[in-house]
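Everything below belongs to data_27.cif, which stores mmCIF, C-alpha atoms.
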data_upload
#
loop_
_atom_site.label_atom_id
_atom_site.label_comp_id
_atom_site.auth_asym_id
_atom_site.auth_seq_id
_atom_site.Cartn_x
_atom_site.Cartn_y
_atom_site.Cartn_z
CA MET Y 1 141.26 67.44 93.63
CA GLN Y 2 142.50 69.31 90.58
CA PRO Y 3 143.29 66.75 87.84
CA LYS Y 4 146.89 66.54 86.73
CA HIS Y 5 148.03 66.52 83.15
CA TYR Y 6 148.52 63.00 81.81
CA ASN Y 7 149.81 61.75 78.48
CA HIS Y 8 149.25 58.03 78.95
CA ILE Y 9 146.23 56.20 80.32
CA PHE Y 10 146.60 52.53 81.30
CA PHE Y 11 143.45 50.45 81.67
CA ASP Y 12 142.87 47.10 83.29
CA LEU Y 13 140.57 45.03 81.07
CA ASP Y 14 138.45 42.53 83.04
CA ARG Y 15 135.84 44.11 85.32
CA THR Y 16 137.01 47.57 84.23
CA LEU Y 17 136.00 47.73 80.56
CA TRP Y 18 135.08 44.14 79.67
CA ASP Y 19 132.15 42.87 81.74
CA PHE Y 20 133.79 39.68 82.97
CA ASP Y 21 130.92 38.42 85.12
CA ARG Y 22 128.23 38.87 82.47
CA ASN Y 23 130.38 37.35 79.73
CA ALA Y 24 131.45 34.46 81.94
CA GLY Y 25 127.81 33.82 82.86
CA GLU Y 26 126.82 33.52 79.20
CA THR Y 27 129.77 31.23 78.55
CA PHE Y 28 128.81 28.95 81.42
CA ASN Y 29 125.23 28.82 80.17
CA ASP Y 30 126.58 27.55 76.86
CA ILE Y 31 128.79 24.99 78.61
CA HIS Y 32 126.03 23.94 81.03
CA ASP Y 33 123.75 23.13 78.09
CA LYS Y 34 126.43 21.51 75.93
CA TYR Y 35 127.51 18.99 78.56
CA TYR Y 36 124.03 18.40 80.07
CA LEU Y 37 125.32 19.34 83.51
CA LYS Y 38 121.79 19.43 84.86
CA ASP Y 39 121.58 15.71 84.20
CA ARG Y 40 124.89 15.27 86.02
CA GLY Y 41 123.47 16.74 89.22
CA ILE Y 42 124.02 20.48 88.74
CA ALA Y 43 120.41 21.65 88.74
CA ASP Y 44 121.03 25.07 90.29
CA PHE Y 45 123.04 27.11 87.78
CA ASP Y 46 123.51 30.04 90.18
CA GLU Y 47 124.95 27.74 92.82
CA PHE Y 48 127.34 26.32 90.22
CA MET Y 49 128.48 29.85 89.31
CA ASN Y 50 128.95 30.85 92.95
CA VAL Y 51 131.11 27.80 93.67
CA TYR Y 52 133.15 28.40 90.52
CA HIS Y 53 133.74 32.08 91.27
CA LYS Y 54 135.03 31.33 94.76
CA ILE Y 55 137.41 28.63 93.53
CA ASN Y 56 138.52 30.72 90.55
CA LEU Y 57 139.41 33.73 92.71
CA GLU Y 58 141.45 31.56 95.07
CA LEU Y 59 143.36 29.93 92.21
CA TRP Y 60 143.98 33.26 90.46
CA ASP Y 61 145.48 34.56 93.69
CA GLN Y 62 147.83 31.56 93.70
CA TYR Y 63 148.62 32.14 90.02
CA ARG Y 64 149.50 35.80 90.63
CA LYS Y 65 151.86 34.69 93.39
CA GLY Y 66 153.53 32.18 91.10
CA LEU Y 67 152.33 29.16 93.08
CA ILE Y 68 150.60 27.44 90.16
CA ARG Y 69 151.03 27.45 86.40
CA LYS Y 70 148.57 28.77 83.85
CA GLU Y 71 147.66 25.29 82.59
CA GLU Y 72 147.01 24.07 86.13
CA LEU Y 73 144.80 27.05 86.89
CA ASN Y 74 142.77 26.61 83.73
CA VAL Y 75 141.78 22.98 84.37
CA ARG Y 76 141.83 22.85 88.16
CA ARG Y 77 139.22 25.59 88.61
CA PHE Y 78 136.74 23.39 86.76
CA SER Y 79 137.76 20.06 88.27
CA LEU Y 80 137.41 21.49 91.78
CA THR Y 81 134.03 23.03 90.92
CA LEU Y 82 132.71 19.78 89.49
CA ASP Y 83 134.11 17.87 92.45
CA SER Y 84 132.05 20.13 94.74
CA PHE Y 85 128.96 18.65 93.09
CA GLY Y 86 130.23 15.08 93.34
CA ILE Y 87 131.40 14.90 89.72
CA LYS Y 88 134.86 13.39 89.32
CA ASP Y 89 135.59 13.42 85.60
CA ASN Y 90 138.99 14.61 84.41
CA ARG Y 91 138.04 14.47 80.74
CA LEU Y 92 134.98 16.64 81.36
CA SER Y 93 137.10 19.16 83.30
CA GLU Y 94 139.60 19.36 80.46
CA ASN Y 95 136.87 19.76 77.84
CA ILE Y 96 135.15 22.52 79.80
CA ALA Y 97 138.47 24.29 80.34
CA LYS Y 98 139.16 24.17 76.59
CA ASP Y 99 135.68 25.41 75.69
CA TYR Y 100 135.80 28.20 78.24
CA ILE Y 101 139.06 29.55 76.80
CA GLU Y 102 137.60 29.39 73.29
CA ILE Y 103 134.11 30.74 73.98
CA SER Y 104 134.51 33.39 76.67
CA PRO Y 105 136.68 35.86 74.70
CA THR Y 106 134.09 35.93 71.91
CA LYS Y 107 131.54 37.51 74.27
CA LYS Y 108 131.17 41.26 73.82
CA HIS Y 109 129.46 42.75 76.85
CA LEU Y 110 131.18 45.90 78.07
CA TYR Y 111 130.37 48.26 80.91
CA PRO Y 112 128.07 51.19 80.05
CA GLY Y 113 129.90 54.06 78.44
CA THR Y 114 132.98 52.10 77.36
CA TYR Y 115 132.97 53.08 73.69
CA GLN Y 116 131.99 56.66 74.41
CA LEU Y 117 134.76 57.03 76.97
CA LEU Y 118 137.44 55.55 74.73
CA GLU Y 119 136.36 57.71 71.79
CA TYR Y 120 136.66 60.73 74.06
CA LEU Y 121 140.02 59.77 75.53
CA SER Y 122 141.68 58.51 72.36
CA SER Y 123 141.78 62.03 70.92
CA LYS Y 124 143.57 63.37 74.00
CA TYR Y 125 145.82 60.60 75.32
CA LYS Y 126 147.69 57.48 74.33
CA LEU Y 127 145.72 54.54 75.68
CA HIS Y 128 147.12 51.20 76.83
CA ILE Y 129 145.93 47.93 78.37
CA ILE Y 130 147.81 46.27 81.23
CA THR Y 131 146.32 42.94 82.29
CA ASN Y 132 147.09 39.72 84.14
CA GLY Y 133 144.83 37.73 81.84
CA PHE Y 134 146.13 35.03 79.53
CA GLU Y 135 147.88 36.44 76.45
CA GLU Y 136 145.80 34.75 73.74
CA VAL Y 137 142.52 35.23 75.60
CA GLN Y 138 142.91 38.94 76.27
CA HIS Y 139 143.83 39.74 72.67
CA LYS Y 140 140.75 37.84 71.46
CA LYS Y 141 138.53 39.74 73.89
CA LEU Y 142 139.82 43.05 72.58
CA LYS Y 143 139.40 41.99 68.97
CA HIS Y 144 135.89 40.54 69.30
CA SER Y 145 134.63 43.52 71.30
CA GLU Y 146 136.34 45.92 68.85
CA LEU Y 147 138.31 47.58 71.63
CA ASP Y 148 141.73 46.87 70.15
CA ARG Y 149 141.55 49.87 67.82
CA TYR Y 150 141.70 52.28 70.75
CA PHE Y 151 144.94 51.05 72.33
CA SER Y 152 148.53 51.84 71.35
CA SER Y 153 149.88 48.89 73.32
CA ILE Y 154 148.53 45.82 75.09
CA ILE Y 155 150.69 44.61 77.96
CA THR Y 156 149.94 41.19 79.40
CA SER Y 157 151.60 39.56 82.38
CA GLU Y 158 152.70 36.65 80.19
CA ASP Y 159 154.45 39.03 77.82
CA ALA Y 160 156.01 41.06 80.63
CA GLY Y 161 157.07 38.05 82.67
CA PHE Y 162 155.55 39.57 85.81
CA LYS Y 163 151.99 39.88 87.11
CA LYS Y 164 150.33 42.89 88.67
CA PRO Y 165 150.92 44.15 91.32
CA HIS Y 166 154.65 43.43 90.77
CA ILE Y 167 156.43 46.68 90.01
CA ASN Y 168 158.25 45.14 87.06
CA ILE Y 169 155.12 44.72 84.96
CA PHE Y 170 154.52 48.46 85.30
CA ARG Y 171 158.15 49.22 84.45
CA TYR Y 172 157.80 46.98 81.42
CA ALA Y 173 154.61 48.82 80.44
CA PHE Y 174 156.36 52.19 80.70
CA SER Y 175 159.11 50.90 78.42
CA VAL Y 176 156.69 49.54 75.82
CA ALA Y 177 154.53 52.66 75.88
CA ASP Y 178 157.51 55.06 76.05
CA ALA Y 179 155.85 56.66 79.07
CA LEU Y 180 156.97 58.12 82.37
CA PRO Y 181 155.19 57.26 85.65
CA ALA Y 182 154.51 60.91 86.44
CA GLU Y 183 152.62 61.39 83.16
CA SER Y 184 150.66 58.14 83.44
CA LEU Y 185 147.36 57.12 85.05
CA MET Y 186 146.21 53.59 85.92
CA ILE Y 187 142.48 52.77 85.84
CA GLY Y 188 141.33 49.50 87.40
CA ASP Y 189 138.90 47.73 89.72
CA ASP Y 190 141.25 45.85 92.07
CA ILE Y 191 142.75 47.68 95.04
CA GLU Y 192 145.71 45.37 95.52
CA VAL Y 193 146.47 44.52 91.92
CA ASP Y 194 145.75 47.79 90.13
CA ILE Y 195 145.79 50.58 92.71
CA ILE Y 196 148.56 49.58 95.12
CA GLY Y 197 150.64 48.15 92.28
CA ALA Y 198 150.42 51.35 90.25
CA LYS Y 199 151.05 53.53 93.27
CA GLU Y 200 154.27 51.68 94.07
CA ALA Y 201 155.31 52.18 90.44
CA GLY Y 202 154.87 55.95 90.80
CA MET Y 203 151.59 56.32 88.89
CA ASP Y 204 148.37 58.04 89.84
CA GLN Y 205 145.40 55.70 89.96
CA VAL Y 206 141.63 55.55 89.52
CA LEU Y 207 139.68 52.92 91.44
CA VAL Y 208 136.56 51.88 89.53
CA ASP Y 209 133.89 50.51 91.88
CA PHE Y 210 130.78 49.77 89.82
CA ASP Y 211 128.98 47.99 92.65
CA ARG Y 212 129.97 50.46 95.40
CA ILE Y 213 131.25 47.63 97.57
CA LEU Y 214 134.99 48.21 97.82
CA PRO Y 215 136.47 49.49 101.07
CA ASP Y 216 137.87 52.98 101.21
CA SER Y 217 141.26 53.16 99.54
CA SER Y 218 143.93 55.76 99.08
CA ALA Y 219 143.58 55.80 95.29
CA THR Y 220 144.17 59.16 93.65
CA TYR Y 221 140.61 59.10 92.27
CA TYR Y 222 137.52 57.00 92.90
CA VAL Y 223 134.56 56.52 90.50
CA ASN Y 224 131.43 54.39 90.32
CA SER Y 225 130.99 54.55 86.55
CA LEU Y 226 133.05 55.08 83.42
CA PHE Y 227 131.09 58.25 82.72
CA GLU Y 228 132.65 59.86 85.81
CA LEU Y 229 136.11 59.54 84.28
CA LYS Y 230 135.31 62.42 81.97
CA LEU Y 231 135.18 64.66 85.04
CA ILE Y 232 138.78 63.70 85.79
CA LEU Y 233 140.12 63.55 82.26
#

Structure translated into structure tokens:
Amino acid sequence: MQPKHYNHIFFDLDRTLWDFDRNAGETFNDIHDKYYLKDRGIADFDEFMNVYHKINLELWDQYRKGLIRKEELNVRRFSLTLDSFGIKDNRLSENIAKDYIEISPTKKHLYPGTYQLLEYLSSKYKLHIITNGFEEVQHKKLKHSELDRYFSSIITSEDAGFKKPHINIFRYAFSVADALPAESLMIGDDIEVDIIGAKEAGMDQVLVDFDRILPDSSATYYVNSLFELKLIL
């Protein structure tokens, strides 16, 4: 497919540029050691992470649909995980939730080629972030990883009042960025949230599938690495 001309590139952040799983893993290692979770019955760290990821994904889906509040999501994902290991301790859940929000955005692991790609693109396009992540957390991630300097605007769902894939967060992003859908491209890793949402807003899309595990989609473009984006842009 012959690439179109774009003026604005919108990126998702987590699992697109910022390596969420690697950074979360390091954060949980810190928390696991701090609270002596091994002594509380969580000997298998990988099992702990697997249980957490499953619960976290389910709760984020509820959060996107407006079924639970941010504060409930933040604590409940840890209380349910600990409960799975027979640990019923509300104070511990609250402390872990607080530490996670403070520690995780200071981690700096990005996907290979992130800085090189953004250097390349920033001279040709206006770059933006559009994310469902918590406002204060996402801004800290961008600052600590030194990504903030590349982006003209950072649109969060909390700021917009709508979460992806709702069309209104994309409309809000167009307004903030002074962009038109036809001249904009969305780059993200989630078919429902990023690709379908952007498509319904009138944007072209790039599905980023680092692990080559996503089902076939009707995204405008499909890549397995950030380096491949240079072939499109």

Selection result for the PyMOL selection byres ((chain Y and resi 232) around 12) on this file, as a list in words
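Evaluating the PyMOL selection byres ((chain Y and resi 232) around 12) on this file yields Met1, Gln2, Pro3, Lys4, His5, Tyr6, Ile9, Leu117, Leu121, Leu185, Ile187, Asp204, Gln205, Val206, Thr220, Tyr221, Tyr222, Val223, Leu226, Phe227, Glu228, Leu229, Lys230, Leu231 and Leu233 of chain Y.
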
Might you pull out every residue within 9 Å of region 146-156 of chain Y, with all atoms listed in the file counted and same-chain residues fewer than 2 positions away left off, and present them as a PyMOL selection string?
chain Y and resi 108+115+118-119+122+126-135+138-139+141-144+158-163+169+172-173+176-177

Can you work out the spacing between CA of Ile167 (chain Y) and CA of Ile196 (chain Y) in Å, to one decimal?
9.8 Å

Find the residues near Glu94 (chain Y): any atom within 10 Å, counting only C-alpha atoms, skip ones fewer than 6 places away on the same chain, and give them as a PyMOL selection string.
chain Y and resi 74-76+78-79+100

Work out how far apart CA of Ser104 (chain Y) and CA of Asn23 (chain Y) are and give it in Å to one decimal.
6.5 Å

Between CA of Phe48 (chain Y) and CA of Thr81 (chain Y), what is the distance, to one decimal in Å?
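Computing it gives 7.5 Å between the two atoms.
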
Give me the residues near Gly197 (chain Y) as a ChimeraX atom specification, where near means some atom within 10 Å (using all atoms listed in the file) and where sequence neighbours in that chain fewer than 4 positions away do not count.
/Y:163-170,186,190-193,201-203,205

Please expand the PyMOL selection byres ((chain Y and resi 110) around 7) into the concrete residues it hits in this file, giving the result as a list in words.
Leu17, Trp18, Asp19, Lys108, His109, Tyr111, Pro112 and Thr114 of chain Y

Next, dump the selected residues to file, keeping only C-alpha atoms, as a PDB file, in the coordinates of the input.
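This went into result26.pdb:
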ATOM      1  CA  LEU Y  17     136.000  47.730  80.560  1.00  0.00           C
ATOM      2  CA  TRP Y  18     135.080  44.140  79.670  1.00  0.00           C
ATOM      3  CA  ASP Y  19     132.150  42.870  81.740  1.00  0.00           C
ATOM      4  CA  LYS Y 108     131.170  41.260  73.820  1.00  0.00           C
ATOM      5  CA  HIS Y 109     129.460  42.750  76.850  1.00  0.00           C
ATOM      6  CA  TYR Y 111     130.370  48.260  80.910  1.00  0.00           C
ATOM      7  CA  PRO Y 112     128.070  51.190  80.050  1.00  0.00           C
ATOM      8  CA  THR Y 114     132.980  52.100  77.360  1.00  0.00           C
TER       9      THR Y 114
END

What's the 9 Å shell around Phe45 (chain Y), counting all atoms listed in the file, without same-chain residues fewer than 5 positions away, as a list of chain:residue names?
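Close residues of Phe45 (chain Y): Y:Phe28, Y:Asn29, Y:His32, Y:Lys38, Y:Asn50.
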